[in-house]
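K.L.:
I have a structure I would like to understand better, so I am pasting it below and will then ask my questions one at a time.
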Amino acid sequence: MEVDYNKIKVIGFDADDTLWVNETYFRDTEEKFASLLDKYETKNKIDQELYKTEINNLEIYGYGVKGFMLSMIESALDLSNNKISQATIGDILNLGKEMLSHPVELLDGVEEVLQKLKDHYRLIVLTKGDLLDQERKLEKSGLSKYFHHVEVLSDKKEINYKNLLEHLRIPVSEFLMVGNSLKSDILPIINIGAKAIHIPFHTTWQHEEVKLEEHQNGHLTLNTITDLLKYLNYGNGSK
């Protein structure tokens with residue numbers, strides 16, 4: 001199915017795992033967390049319980065590293081029957097702090113694409129997670145100069161996108177969302193009548209996975225962000 005992008009004036013980019021690496025660090029930290037608790041449970045059980053705790057806490061803490069840190073501590077207490085040492089809790093806190101201070105690793109081609117698109121489209125960042133952490137990553141990335149607006153959402157559901165587009169006075173017919181998550185970046189956008197382009201990342205948090213039958217027509221899937229330039233007009237006459 002060919003999608004026409006001629007009317008697009010505003011492009012929204014997801015941040016984590018679309019502009020820079022993120023999920024990889026969560027997986028690495030989960031491995032370290034499991035090692036800290038290996039005398040209490042198997043790695044598989046630890047992973048399962050941590051995930052359950054994270055999901056249960058989403059409505060309280062939201063998305064991001066800080067909520068993940070608190071969920072790790074809660075899981076450690078539960079899995080150890082409250083026998084976990086203060087030193088190990090300190091180690092868990094340090095795991096989270098390491099994530100928060102980690103250098104920002106841009107994905108290949110990101111800055112090249114933003115550089116070519118910035119004078120021809122209004123570019124915005126639409127991400128979810130902890131406000132302070134996302135602002136820090138954007139600043140460290142060196143990409144803030146390319147964006148007209150940055151929005152850190154509590155969630156990425158249809159109502160969140162609708163409200164934001166209305167607030168920014170962006171017609172859905174002129175909006176394109178680019179992201180790695182079908183659940184958060186693609187399907188809600190298609191459902192409100194806007195355009196979306198999916199650029200998968202090699203690692204996806206299981207909470208962001210969708211069943212095959214939930215996929216819908218109307219969006220394009222690309223291998224890399226540089227492939228965007230084949231489909232958008234940015235002053236060189238190409239499509």
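Each chain in the structure tokens gets a letter, A, B and so on, in the order shown; residues start at 1 in every chain, and ligands are counted from 1 in the order they appear.
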With only C-alpha atoms as the counted atoms, please give the residues lying no more than 8 Å from region 143-155 of chain A, apart from itself and same-chain residues fewer than 2 positions off, as a list in words.

P.N.:
Gly62, Tyr63, Glu111, Leu114, Gln115, Lys118, Arg122, Leu123, Ile124, Val125, Leu126, Thr127, Lys128, Gly129, Asp130, Leu131, Gln134, Leu138, Glu139, Ser141, Lys157 and Asn160 of chain A

K.L.:
What's the 7 Å shell around region 13-20 of chain A, counting only C-alpha atoms, without same-chain residues fewer than 2 positions away, as a PDB file with all heavy atoms, in the first residue's frame?

P.N.:
```
ATOM      1  N   ILE A  11       6.537  16.698  11.485  1.00  0.00           N
ATOM      2  CA  ILE A  11       6.980  15.320  11.744  1.00  0.00           C
ATOM      3  C   ILE A  11       7.324  15.185  13.222  1.00  0.00           C
ATOM      4  O   ILE A  11       8.141  15.938  13.755  1.00  0.00           O
ATOM      5  CB  ILE A  11       8.211  14.940  10.904  1.00  0.00           C
ATOM      6  CG1 ILE A  11       7.933  15.147   9.415  1.00  0.00           C
ATOM      7  CG2 ILE A  11       8.603  13.478  11.165  1.00  0.00           C
ATOM      8  CD1 ILE A  11       9.133  14.877   8.529  1.00  0.00           C
ATOM      9  N   ASN A  22      18.177   3.027  23.974  1.00  0.00           N
ATOM     10  CA  ASN A  22      17.586   3.080  25.306  1.00  0.00           C
ATOM     11  C   ASN A  22      17.312   1.689  25.864  1.00  0.00           C
ATOM     12  O   ASN A  22      17.807   1.330  26.922  1.00  0.00           O
ATOM     13  CB  ASN A  22      16.287   3.885  25.268  1.00  0.00           C
ATOM     14  CG  ASN A  22      15.612   3.956  26.619  1.00  0.00           C
ATOM     15  OD1 ASN A  22      16.126   4.564  27.552  1.00  0.00           O
ATOM     16  ND2 ASN A  22      14.443   3.318  26.751  1.00  0.00           N
ATOM     17  N   GLU A  23      16.518   0.907  25.149  1.00  0.00           N
ATOM     18  CA  GLU A  23      16.061  -0.373  25.700  1.00  0.00           C
ATOM     19  C   GLU A  23      17.215  -1.317  26.007  1.00  0.00           C
ATOM     20  O   GLU A  23      17.138  -2.114  26.951  1.00  0.00           O
ATOM     21  CB  GLU A  23      15.081  -1.029  24.732  1.00  0.00           C
ATOM     22  CG  GLU A  23      14.283  -2.184  25.318  1.00  0.00           C
ATOM     23  CD  GLU A  23      13.432  -1.767  26.521  1.00  0.00           C
ATOM     24  OE1 GLU A  23      13.028  -0.588  26.586  1.00  0.00           O
ATOM     25  OE2 GLU A  23      13.194  -2.626  27.392  1.00  0.00           O
ATOM     26  N   VAL A 104      24.656   9.384  25.925  1.00  0.00           N
ATOM     27  CA  VAL A 104      23.614   9.197  24.914  1.00  0.00           C
ATOM     28  C   VAL A 104      24.261   8.707  23.625  1.00  0.00           C
ATOM     29  O   VAL A 104      25.176   9.353  23.095  1.00  0.00           O
ATOM     30  CB  VAL A 104      22.845  10.509  24.666  1.00  0.00           C
ATOM     31  CG1 VAL A 104      21.850  10.340  23.525  1.00  0.00           C
ATOM     32  CG2 VAL A 104      22.121  10.938  25.939  1.00  0.00           C
ATOM     33  N   GLU A 105      23.789   7.576  23.141  1.00  0.00           N
ATOM     34  CA  GLU A 105      24.334   6.972  21.918  1.00  0.00           C
ATOM     35  C   GLU A 105      23.319   7.129  20.791  1.00  0.00           C
ATOM     36  O   GLU A 105      22.300   6.447  20.746  1.00  0.00           O
ATOM     37  CB  GLU A 105      24.636   5.491  22.154  1.00  0.00           C
ATOM     38  CG  GLU A 105      25.211   4.783  20.952  1.00  0.00           C
ATOM     39  CD  GLU A 105      25.423   3.287  21.194  1.00  0.00           C
ATOM     40  OE1 GLU A 105      25.299   2.852  22.350  1.00  0.00           O
ATOM     41  OE2 GLU A 105      25.721   2.577  20.218  1.00  0.00           O
ATOM     42  N   LEU A 106      23.587   8.062  19.872  1.00  0.00           N
ATOM     43  CA  LEU A 106      22.684   8.288  18.749  1.00  0.00           C
ATOM     44  C   LEU A 106      22.665   7.075  17.825  1.00  0.00           C
ATOM     45  O   LEU A 106      23.694   6.422  17.611  1.00  0.00           O
ATOM     46  CB  LEU A 106      23.114   9.517  17.948  1.00  0.00           C
ATOM     47  CG  LEU A 106      23.018  10.886  18.621  1.00  0.00           C
ATOM     48  CD1 LEU A 106      23.432  11.973  17.642  1.00  0.00           C
ATOM     49  CD2 LEU A 106      21.617  11.143  19.140  1.00  0.00           C
ATOM     50  N   LEU A 107      21.498   6.797  17.274  1.00  0.00           N
ATOM     51  CA  LEU A 107      21.393   5.740  16.278  1.00  0.00           C
ATOM     52  C   LEU A 107      21.941   6.240  14.947  1.00  0.00           C
ATOM     53  O   LEU A 107      21.910   7.442  14.652  1.00  0.00           O
ATOM     54  CB  LEU A 107      19.941   5.289  16.133  1.00  0.00           C
ATOM     55  CG  LEU A 107      19.374   4.573  17.367  1.00  0.00           C
ATOM     56  CD1 LEU A 107      17.895   4.287  17.197  1.00  0.00           C
ATOM     57  CD2 LEU A 107      20.122   3.267  17.636  1.00  0.00           C
ATOM     58  N   VAL A 110      20.714   9.425  12.327  1.00  0.00           N
ATOM     59  CA  VAL A 110      19.721  10.313  12.926  1.00  0.00           C
ATOM     60  C   VAL A 110      20.022  11.784  12.641  1.00  0.00           C
ATOM     61  O   VAL A 110      19.167  12.527  12.147  1.00  0.00           O
ATOM     62  CB  VAL A 110      19.613  10.070  14.450  1.00  0.00           C
ATOM     63  CG1 VAL A 110      18.889  11.229  15.123  1.00  0.00           C
ATOM     64  CG2 VAL A 110      18.874   8.775  14.722  1.00  0.00           C
ATOM     65  N   ILE A 124       9.227  17.885  15.732  1.00  0.00           N
ATOM     66  CA  ILE A 124       8.967  17.873  17.168  1.00  0.00           C
ATOM     67  C   ILE A 124       9.337  16.504  17.741  1.00  0.00           C
ATOM     68  O   ILE A 124       9.379  15.509  17.022  1.00  0.00           O
ATOM     69  CB  ILE A 124       7.499  18.214  17.501  1.00  0.00           C
ATOM     70  CG1 ILE A 124       6.538  17.176  16.907  1.00  0.00           C
ATOM     71  CG2 ILE A 124       7.124  19.596  16.987  1.00  0.00           C
ATOM     72  CD1 ILE A 124       5.072  17.443  17.255  1.00  0.00           C
ATOM     73  N   VAL A 125       9.632  16.475  19.038  1.00  0.00           N
ATOM     74  CA  VAL A 125       9.881  15.222  19.754  1.00  0.00           C
ATOM     75  C   VAL A 125       8.652  14.903  20.584  1.00  0.00           C
ATOM     76  O   VAL A 125       8.174  15.740  21.347  1.00  0.00           O
ATOM     77  CB  VAL A 125      11.111  15.332  20.688  1.00  0.00           C
ATOM     78  CG1 VAL A 125      11.250  14.058  21.526  1.00  0.00           C
ATOM     79  CG2 VAL A 125      12.383  15.568  19.882  1.00  0.00           C
ATOM     80  N   LEU A 126       8.144  13.688  20.438  1.00  0.00           N
ATOM     81  CA  LEU A 126       7.023  13.203  21.243  1.00  0.00           C
ATOM     82  C   LEU A 126       7.456  11.911  21.906  1.00  0.00           C
ATOM     83  O   LEU A 126       7.536  10.866  21.264  1.00  0.00           O
ATOM     84  CB  LEU A 126       5.784  12.952  20.371  1.00  0.00           C
ATOM     85  CG  LEU A 126       5.188  14.160  19.645  1.00  0.00           C
ATOM     86  CD1 LEU A 126       3.965  13.752  18.853  1.00  0.00           C
ATOM     87  CD2 LEU A 126       4.815  15.246  20.629  1.00  0.00           C
ATOM     88  N   THR A 127       7.756  11.985  23.182  1.00  0.00           N
ATOM     89  CA  THR A 127       8.262  10.818  23.885  1.00  0.00           C
ATOM     90  C   THR A 127       7.518  10.650  25.200  1.00  0.00           C
ATOM     91  O   THR A 127       6.728  11.505  25.592  1.00  0.00           O
ATOM     92  CB  THR A 127       9.785  10.962  24.144  1.00  0.00           C
ATOM     93  OG1 THR A 127      10.296   9.754  24.679  1.00  0.00           O
ATOM     94  CG2 THR A 127      10.078  12.113  25.086  1.00  0.00           C
ATOM     95  N   MET A 177       4.092  10.718  12.310  1.00  0.00           N
ATOM     96  CA  MET A 177       4.820  10.244  13.487  1.00  0.00           C
ATOM     97  C   MET A 177       5.813   9.172  13.069  1.00  0.00           C
ATOM     98  O   MET A 177       5.478   8.268  12.280  1.00  0.00           O
ATOM     99  CB  MET A 177       3.851   9.672  14.518  1.00  0.00           C
ATOM    100  CG  MET A 177       4.505   9.197  15.808  1.00  0.00           C
ATOM    101  SD  MET A 177       5.159  10.585  16.770  1.00  0.00           S
ATOM    102  CE  MET A 177       6.070   9.677  18.055  1.00  0.00           C
ATOM    103  N   VAL A 178       7.033   9.259  13.592  1.00  0.00           N
ATOM    104  CA  VAL A 178       8.087   8.282  13.301  1.00  0.00           C
ATOM    105  C   VAL A 178       8.534   7.665  14.618  1.00  0.00           C
ATOM    106  O   VAL A 178       8.902   8.377  15.555  1.00  0.00           O
ATOM    107  CB  VAL A 178       9.284   8.961  12.605  1.00  0.00           C
ATOM    108  CG1 VAL A 178      10.398   7.942  12.368  1.00  0.00           C
ATOM    109  CG2 VAL A 178       8.855   9.608  11.298  1.00  0.00           C
ATOM    110  N   GLY A 179       8.503   6.333  14.716  1.00  0.00           N
ATOM    111  CA  GLY A 179       8.908   5.705  15.966  1.00  0.00           C
ATOM    112  C   GLY A 179       9.138   4.218  15.825  1.00  0.00           C
ATOM    113  O   GLY A 179       8.835   3.608  14.797  1.00  0.00           O
ATOM    114  N   ASN A 180       9.656   3.622  16.895  1.00  0.00           N
ATOM    115  CA  ASN A 180      10.011   2.198  16.871  1.00  0.00           C
ATOM    116  C   ASN A 180       8.930   1.290  17.446  1.00  0.00           C
ATOM    117  O   ASN A 180       8.983   0.071  17.270  1.00  0.00           O
ATOM    118  CB  ASN A 180      11.299   1.966  17.658  1.00  0.00           C
ATOM    119  CG  ASN A 180      11.108   2.158  19.150  1.00  0.00           C
ATOM    120  OD1 ASN A 180      10.889   3.283  19.608  1.00  0.00           O
ATOM    121  ND2 ASN A 180      11.173   1.089  19.917  1.00  0.00           N
ATOM    122  N   PHE A 201      13.344  -1.194  16.305  1.00  0.00           N
ATOM    123  CA  PHE A 201      14.623  -1.322  16.991  1.00  0.00           C
ATOM    124  C   PHE A 201      14.822  -2.795  17.301  1.00  0.00           C
ATOM    125  O   PHE A 201      13.845  -3.538  17.443  1.00  0.00           O
ATOM    126  CB  PHE A 201      14.605  -0.488  18.276  1.00  0.00           C
ATOM    127  CG  PHE A 201      15.927  -0.389  18.981  1.00  0.00           C
ATOM    128  CD1 PHE A 201      17.001   0.256  18.387  1.00  0.00           C
ATOM    129  CD2 PHE A 201      16.107  -0.931  20.246  1.00  0.00           C
ATOM    130  CE1 PHE A 201      18.226   0.363  19.031  1.00  0.00           C
ATOM    131  CE2 PHE A 201      17.329  -0.832  20.908  1.00  0.00           C
ATOM    132  CZ  PHE A 201      18.389  -0.181  20.294  1.00  0.00           C
TER     133      PHE A 201
END
```

K.L.:
Could you tell me which of A:Leu70, A:Val113, A:Ile192, A:Ala87 comes closest to Ile159 (chain A) if we count only C-alpha atoms?

P.N.:
A:Ile192

K.L.:
With distances taken over only C-alpha atoms, which residue among A:Ala194, A:Leu187, A:Met99, A:Ile89 lies nearest Val172 (chain A)?

P.N.:
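Among the listed residues, the smallest separation from Val172 (chain A) belongs to A:Ala194.
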
K.L.:
Record the distance separating CA of Pro188 (chain A) and CA of Arg27 (chain A), expressed in Å with one decimal.

P.N.:
25.9 Å

K.L.:
Considering only C-alpha atoms, return as a list of chain:residue names whatever protein or nucleic-acid residues lie within 7 Å of region 2-7 of chain A, sequence-local ones (same chain, fewer than 2 positions apart) excluded.

P.N.:
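Counting only the stated atoms, we get A:Lys9, A:Ser173, A:Glu174, A:Gly218, A:Leu232.
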
K.L.:
Out of region 41-237 of chain A, which residues get strand (DSSP E or B) from DSSP, as a tab-separated table (two decimals) with C-alpha atoms, in the first residue's frame?

P.N.:
```tsv
chain	number	residue	atom	x	y	z
A	106	LEU	CA	22.68	8.29	18.75
A	122	ARG	CA	8.37	21.45	11.60
A	123	LEU	CA	10.11	18.78	13.66
A	124	ILE	CA	8.97	17.87	17.17
A	125	VAL	CA	9.88	15.22	19.75
A	126	LEU	CA	7.02	13.20	21.24
A	127	THR	CA	8.26	10.82	23.89
A	128	LYS	CA	7.16	9.34	27.18
A	149	HIS	CA	8.91	21.57	20.27
A	150	VAL	CA	9.54	18.76	22.76
A	151	GLU	CA	6.71	17.01	24.59
A	152	VAL	CA	7.14	14.35	27.27
A	153	LEU	CA	3.81	12.53	27.52
A	175	PHE	CA	1.13	15.17	10.80
A	176	LEU	CA	3.53	12.24	10.50
A	177	MET	CA	4.82	10.24	13.49
A	178	VAL	CA	8.09	8.28	13.30
A	179	GLY	CA	8.91	5.70	15.97
A	195	LYS	CA	0.34	9.18	9.15
A	196	ALA	CA	2.97	6.99	10.82
A	197	ILE	CA	6.26	5.36	9.82
A	198	HIS	CA	7.61	2.43	11.81
A	220	LEU	CA	5.22	2.19	6.27
A	221	THR	CA	7.95	0.10	7.90
```

K.L.:
In Å, with one decimal, what is the gap from CA of Leu117 (chain A) to CA of Thr24 (chain A)?

P.N.:
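One can read the CA of Leu117 (chain A) to CA of Thr24 (chain A) distance as 27.5 Å.
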
K.L.:
Go ahead and compute the interatomic distance for CA of Lys45 (chain A) and CA of Pro200 (chain A), in Å to one decimal.

P.N.:
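Computing the Euclidean distance for CA of Lys45 (chain A) and CA of Pro200 (chain A) yields 27.8 Å.
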
K.L.:
Could you pull out the alpha helix (DSSP H) residues of region 155-205 of chain A, going by DSSP on the backbone, and write them as a ChimeraX atom specification?

P.N.:
/A:158-167,187-191

K.L.:
Nearest to Leu93 (chain A): which of A:Lys32, A:Lys39, A:Lys52, A:Lys140 is it, counting only C-alpha atoms?

P.N.:
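For Leu93 (chain A), the nearest of the given residues is A:Lys32.
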
K.L.:
Name all residues at most 12 Å from Gln86 (chain A) (count only C-alpha atoms; drop same-chain ones fewer than 6 positions away) and give them as a compact mmCIF listing (two decimals) with N, CA, C and O atoms, in the first residue's frame.

P.N.:
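File written: result-v2.txt
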```txt
# COMPACT_ATOMS: atom_id res chain seq x y z
N ILE A 73 13.63 -2.32 43.46
CA ILE A 73 13.72 -2.43 44.91
C ILE A 73 12.54 -3.20 45.48
O ILE A 73 12.69 -4.08 46.33
N ALA A 76 12.95 -6.84 44.67
CA ALA A 76 14.00 -7.44 45.50
C ALA A 76 13.48 -7.77 46.89
O ALA A 76 13.77 -8.84 47.45
N LEU A 77 12.69 -6.88 47.46
CA LEU A 77 12.10 -7.12 48.78
C LEU A 77 11.14 -8.31 48.73
O LEU A 77 11.15 -9.18 49.61
N ILE A 92 21.33 -1.72 43.92
CA ILE A 92 20.22 -1.54 42.99
C ILE A 92 20.05 -0.06 42.64
O ILE A 92 19.86 0.31 41.47
N LEU A 93 20.14 0.80 43.65
CA LEU A 93 20.05 2.24 43.40
C LEU A 93 21.18 2.69 42.47
O LEU A 93 20.98 3.53 41.58
```
